[in-house]
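Heads up, the thing below is written out as structure tokens.
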Amino acid sequence: MSPALRILSPGLLTTVQDLGRPGYQSLGIPVGGALDPAALRAANVLVGNATDSGALEIAYIGPTLQVEADDVRLACVGADAPIEVFANAEARGSRRLRTMRTARLRRGEVIRVGSLARGAVLYLAVEGGFEIEPVLGSVSTYLRGRFGGWEGRALVSGDRLPLRRTKASERVECELQGVDFTAPATVRATLGPQADRFSEREIAALFAGEFTVATGSDRMGLRLSGPLLRQGQRCEMVSEAVAPGSIQVTGGGEPIVLLADRQTTGGYPKIATVISADLAAVGRLPIGAKIKFAPVSIDLALALRRQHVAELDDLHSHVVGIRLEQADLRPGLYQNLISGVVDARA
Amino acid sequence: MTAGSQGRTTPRYRLLTAGDTALAVEFEGEVNPRLGAMILALANRLSNEKLEGVTETIPAFRSLLVHYEPLVLSPERLSARLSELMQDLEGREQVGNCWRIPVCYDPSVAPDLAEVAARTGFSCAQVIERHSAILYYVYMLGFLPGQAYMGDLPAELALPRRASPRTKVPAGSLAIATNMTCIFPLETPCGWHVIGRSPVTLWDRRRGRALLRAGDRVHFSPVSLHEYEHLAAQAASGLLDTTGAAA
């Protein structure tokens, strides 16, 4: 049988995502892609994939997956989560895996990702990636349009995601050190294209207030509750294309930060725009998180982008090989020690 | 703005910062197909420039959003280049494709037709006649993949959006609101007035193709419910292949 990961339980919302499909917005097609592209890249770097490969985006509650390949190397990067590996679907005892490091799972083993903490999304990348046909150059799932990814939808129990590799490569496991993908407390933003439609008081309220990520937030945008930025005034305008990270303000005065699956156009005025260097961080904010905005100039935003891009390009230098005795002599890893040694000498 | 036979003009505009990777060119003046043609002409010039760092442009009713990589092309250089490209802009209105799109106005697929007729003071037949008499201009695509905003609707058919949006209308729903008409390519919540349905696939998700482009012209051709069902069956089996024509 062809190599695959079988979905025993899908979690809350598990989708295939990569870095999205830019270039088609003039046809109404959103860019989409990972909510936290930095964590996606890091997960790919860990398992040795191209940084733009597709991986599983896990939101809030993780899936349970079974390995249907000789073996597979994988890594989870993003929010914190308890991750357990069982010898098979019936086994009761498990070993724990950590995020930010690779692990090799054998045929029949089951990986269960629990509830996420300190972030909304976690990426599970597999060495070699998934065998999925791209749509318009991307394997990202666009849920609203029902295309891309795996059959244009979130994973469900019984799905069988094909893998490119039948077995993991022979190399030492590794981990990512000195990088952090937890949700931020402050996000930086420049004044938006319609900032002149808001009073100084409203702009001050955006940058002074504390907001809470509200229910109803999704891959399209973060709805924020907090100080209302405009009350009872009609403020729709002629629709125009919207940039990533735009903070639009609805007629009720509620700010919404537009994320990966944002519609390409919109008619609400945009008071500010989250800087590109902070877009990945804003994508990892879970419902209930508190968030503040800090104003920055375009010049500073550019300097921060330069730094952010350099950090992403440098991710591989944070990957450190794990020596077997370190990796395997911890409690609960006995079975893994045996497998690892046998494989290393095969 | 001069309306000379060459149609060349330098429109008034503002450059608006949309974060550190996008710049909006907002044109002044009334929203109409002539302004739309100017916006597309700018997009065209920018595309012909092959300016390194420009990644994508998105036209809308009165603006062009330019996505760029600021570490390759500084905002100052992009602004300066855009000002130069705005000079003597030639907006030719007849550049896009012209489509005849079958639509069915039968009451069974037009839940709001009677209400539109009542509110505009026409009979249903008169609404259909007026709606299908016009050659519409595609101002922009947005909201959903392949969804075209087409105008201008005859002033006597213009109504505000529904007070309470429908939670769901089927793919292909033909609708009107304010001075626009559109066909929803996917099943969607909808605040517009649904006055018919089209069997044409405006967005082919399997092949990732959209039928219409900004700048296209569209004429609606009324068909009976029987013809609609026949065409819809053909579209469902892939025989009504329109999507290749505009590629």
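Residue names in the structure tokens use chain letters A, B, ... in the order shown, residue numbers from 1 in each chain, and ligand numbers from 1 in the order shown.
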Contact set, chain B to chain A: 6 Å, only C-alpha atoms, as a PyMOL selection string: chain B and resi 16-19+56+58+60+141-146
Residues flagged strand (DSSP E or B) by DSSP in segment 1-221 of chain B, as a ChimeraX atom specification: /B:8-9,13-17,22-27,54-59,63-68,89-90,98-104,135-141,148-151,159,166-169,173-178,180-183,188-190,193-197,203-204,209-210,217-221
Distance query Ser83 of chain B at most 12 Å, only C-alpha atoms, self and fewer than 4 positions along chain excluded, as a list of chain:residue names: B:Thr10, B:Pro11, B:Arg12, B:Tyr13, B:Arg14, B:Leu15, B:Val25, B:Leu42, B:Arg45, B:Leu46, B:Glu76, B:Arg77, B:Leu78, B:Ser79, B:Gln87, B:Asp88, B:Leu89
May I have the selected residues written with N, CA and C atoms, as a short mmCIF file (atom, residue, chain, number, x, y, z; two decimals), in the first residue's frame?
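Wrote part.cif, looks like this:
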```cif
data_model
loop_
_atom_site.label_atom_id
_atom_site.label_comp_id
_atom_site.auth_asym_id
_atom_site.auth_seq_id
_atom_site.Cartn_x
_atom_site.Cartn_y
_atom_site.Cartn_z
N THR B 10 -4.10 62.60 -17.49
CA THR B 10 -3.35 62.32 -16.28
C THR B 10 -4.32 62.46 -15.11
N PRO B 11 -4.85 61.34 -14.63
CA PRO B 11 -5.88 61.42 -13.60
C PRO B 11 -5.32 61.96 -12.28
N ARG B 12 -6.21 62.55 -11.52
CA ARG B 12 -5.83 62.96 -10.16
C ARG B 12 -5.91 61.71 -9.28
N TYR B 13 -4.97 61.62 -8.37
CA TYR B 13 -4.91 60.40 -7.55
C TYR B 13 -4.20 60.67 -6.24
N ARG B 14 -4.30 59.72 -5.32
CA ARG B 14 -3.55 59.76 -4.07
C ARG B 14 -2.85 58.41 -3.91
N LEU B 15 -1.67 58.41 -3.32
CA LEU B 15 -1.00 57.16 -2.98
C LEU B 15 -1.23 56.90 -1.49
N VAL B 25 -3.10 52.99 -5.15
CA VAL B 25 -3.26 54.19 -5.97
C VAL B 25 -4.76 54.45 -6.02
N LEU B 42 -3.26 51.57 -15.95
CA LEU B 42 -2.11 51.69 -15.05
C LEU B 42 -1.55 50.30 -14.71
N ARG B 45 0.43 49.14 -17.67
CA ARG B 45 1.73 49.80 -17.79
C ARG B 45 2.72 49.24 -16.78
N LEU B 46 2.23 49.04 -15.56
CA LEU B 46 3.10 48.54 -14.50
C LEU B 46 3.57 47.13 -14.84
N GLU B 76 9.72 54.66 -1.80
CA GLU B 76 9.96 55.94 -2.48
C GLU B 76 10.11 55.72 -3.99
N ARG B 77 10.89 54.70 -4.37
CA ARG B 77 11.09 54.45 -5.80
C ARG B 77 9.80 54.01 -6.46
N LEU B 78 9.02 53.17 -5.77
CA LEU B 78 7.75 52.72 -6.34
C LEU B 78 6.81 53.91 -6.53
N SER B 79 6.73 54.79 -5.52
CA SER B 79 5.86 55.97 -5.62
C SER B 79 6.27 56.84 -6.80
N GLN B 87 1.21 59.53 -15.93
CA GLN B 87 1.19 60.60 -16.93
C GLN B 87 0.57 60.10 -18.23
N ASP B 88 -0.34 60.91 -18.78
CA ASP B 88 -0.92 60.61 -20.09
C ASP B 88 -1.42 59.18 -20.17
N LEU B 89 -2.15 58.79 -19.15
CA LEU B 89 -2.68 57.43 -19.10
C LEU B 89 -3.76 57.30 -20.16
#
```
Spatial neighbours of Ile256 of chain A, 12 Å, only C-alpha atoms, chain gap at least 2 places, as an MDAnalysis selection string: chainID A and resid 206 211:226 228:229 244:254 258:259 262 266 268:274 282
Generate the output file for the selected residues, N, CA and C atoms, as a compact mmCIF listing (two decimals), in the first residue's frame.
```txt
# COMPACT_ATOMS: atom_id res chain seq x y z
N LEU A 206 -6.91 52.92 19.56
CA LEU A 206 -6.34 51.69 18.98
C LEU A 206 -5.00 51.38 19.62
N PHE A 211 -6.99 44.80 23.70
CA PHE A 211 -8.05 44.08 22.99
C PHE A 211 -7.98 42.59 23.33
N THR A 212 -9.12 41.95 23.17
CA THR A 212 -9.18 40.50 23.38
C THR A 212 -9.62 39.85 22.08
N VAL A 213 -8.93 38.79 21.68
CA VAL A 213 -9.31 38.06 20.47
C VAL A 213 -10.66 37.37 20.75
N ALA A 214 -11.68 37.72 19.96
CA ALA A 214 -13.05 37.31 20.29
C ALA A 214 -13.47 36.06 19.52
N THR A 215 -14.50 35.43 20.04
CA THR A 215 -15.15 34.32 19.36
C THR A 215 -15.58 34.79 17.97
N GLY A 216 -15.53 33.90 17.02
CA GLY A 216 -15.85 34.30 15.65
C GLY A 216 -14.59 34.57 14.84
N SER A 217 -13.45 34.64 15.53
CA SER A 217 -12.18 34.77 14.81
C SER A 217 -11.90 33.46 14.10
N ASP A 218 -11.32 33.55 12.93
CA ASP A 218 -11.03 32.34 12.16
C ASP A 218 -9.85 32.60 11.23
N ARG A 219 -9.70 31.75 10.21
CA ARG A 219 -8.56 31.92 9.31
C ARG A 219 -8.69 33.19 8.45
N MET A 220 -9.89 33.77 8.38
CA MET A 220 -10.07 35.00 7.62
C MET A 220 -9.61 36.22 8.41
N GLY A 221 -9.90 36.22 9.71
CA GLY A 221 -9.54 37.40 10.48
C GLY A 221 -9.74 37.23 11.96
N LEU A 222 -9.06 38.11 12.71
CA LEU A 222 -9.21 38.14 14.17
C LEU A 222 -10.19 39.24 14.51
N ARG A 223 -11.29 38.87 15.15
CA ARG A 223 -12.22 39.87 15.65
C ARG A 223 -11.75 40.29 17.03
N LEU A 224 -11.71 41.59 17.26
CA LEU A 224 -11.17 42.06 18.53
C LEU A 224 -12.26 42.75 19.33
N SER A 225 -12.38 42.39 20.61
CA SER A 225 -13.26 43.16 21.48
C SER A 225 -12.37 44.02 22.36
N GLY A 226 -12.88 45.20 22.68
CA GLY A 226 -12.10 46.19 23.42
C GLY A 226 -12.73 47.53 23.17
N LEU A 228 -14.34 50.42 21.38
CA LEU A 228 -14.94 50.56 20.05
C LEU A 228 -14.32 51.79 19.39
N LEU A 229 -13.99 51.64 18.11
CA LEU A 229 -13.24 52.71 17.45
C LEU A 229 -14.14 53.68 16.72
N PRO A 244 -2.56 42.25 3.47
CA PRO A 244 -2.49 41.39 4.65
C PRO A 244 -2.24 42.21 5.91
N GLY A 245 -2.87 41.81 6.99
CA GLY A 245 -2.67 42.52 8.26
C GLY A 245 -3.49 43.78 8.40
N SER A 246 -4.32 44.09 7.40
CA SER A 246 -5.17 45.29 7.49
C SER A 246 -6.04 45.19 8.73
N ILE A 247 -6.15 46.30 9.47
CA ILE A 247 -7.07 46.35 10.61
C ILE A 247 -8.26 47.18 10.15
N GLN A 248 -9.33 46.47 9.76
CA GLN A 248 -10.52 47.17 9.29
C GLN A 248 -11.47 47.37 10.46
N VAL A 249 -12.29 48.41 10.34
CA VAL A 249 -13.22 48.72 11.42
C VAL A 249 -14.63 48.66 10.87
N THR A 250 -15.45 47.79 11.47
CA THR A 250 -16.82 47.60 10.98
C THR A 250 -17.69 48.77 11.41
N GLY A 251 -18.90 48.79 10.88
CA GLY A 251 -19.84 49.86 11.22
C GLY A 251 -20.08 49.95 12.72
N GLY A 252 -19.98 48.84 13.42
CA GLY A 252 -20.18 48.84 14.86
C GLY A 252 -18.95 49.28 15.66
N GLY A 253 -17.85 49.58 14.95
CA GLY A 253 -16.65 50.05 15.65
C GLY A 253 -15.72 48.95 16.10
N GLU A 254 -15.98 47.73 15.63
CA GLU A 254 -15.17 46.58 16.03
C GLU A 254 -14.00 46.41 15.06
N LEU A 258 -7.13 41.34 9.40
CA LEU A 258 -7.33 40.39 8.30
C LEU A 258 -6.13 39.45 8.18
N LEU A 259 -6.44 38.16 8.15
CA LEU A 259 -5.40 37.12 8.15
C LEU A 259 -5.34 36.42 6.78
N ARG A 262 -8.27 36.03 4.25
CA ARG A 262 -9.07 37.25 4.04
C ARG A 262 -9.58 37.31 2.62
N GLY A 266 -12.60 44.54 0.16
CA GLY A 266 -13.50 44.84 1.26
C GLY A 266 -13.90 46.30 1.27
N TYR A 268 -14.77 48.10 4.26
CA TYR A 268 -14.64 48.80 5.54
C TYR A 268 -13.35 49.60 5.55
N PRO A 269 -13.37 50.78 6.18
CA PRO A 269 -12.13 51.56 6.27
C PRO A 269 -11.11 50.87 7.16
N LYS A 270 -9.84 51.07 6.79
CA LYS A 270 -8.76 50.38 7.50
C LYS A 270 -7.93 51.40 8.26
N ILE A 271 -7.96 51.29 9.56
CA ILE A 271 -7.32 52.29 10.43
C ILE A 271 -5.82 52.09 10.51
N ALA A 272 -5.37 50.84 10.38
CA ALA A 272 -3.94 50.55 10.52
C ALA A 272 -3.64 49.23 9.82
N THR A 273 -2.35 48.93 9.67
CA THR A 273 -1.92 47.68 9.05
C THR A 273 -0.83 47.07 9.90
N VAL A 274 -1.01 45.83 10.31
CA VAL A 274 0.04 45.13 11.06
C VAL A 274 1.26 45.00 10.15
N VAL A 282 0.92 37.51 14.64
CA VAL A 282 -0.50 37.81 14.85
C VAL A 282 -1.35 36.60 14.47
```
Pairwise distance for atom CA of Leu116 of chain A and atom CA of Ala79 of chain A, rounded to one decimal in Å: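 Rounded to one decimal, the two atoms are 6.0 Å apart.
Considering the residues B:Val54, B:Ala80, B:Ala148, B:Leu23 and counting only C-alpha atoms, Ala210 of chain B has its shortest atom-to-atom contact with B:Ala148.
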Counting only C-alpha atoms, the option among A:Met237, A:Leu143, A:Met100, A:Val85 closest to Ala39 of chain A: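 Checking each candidate against Ala39 of chain A, we get A:Met100 as the closest.
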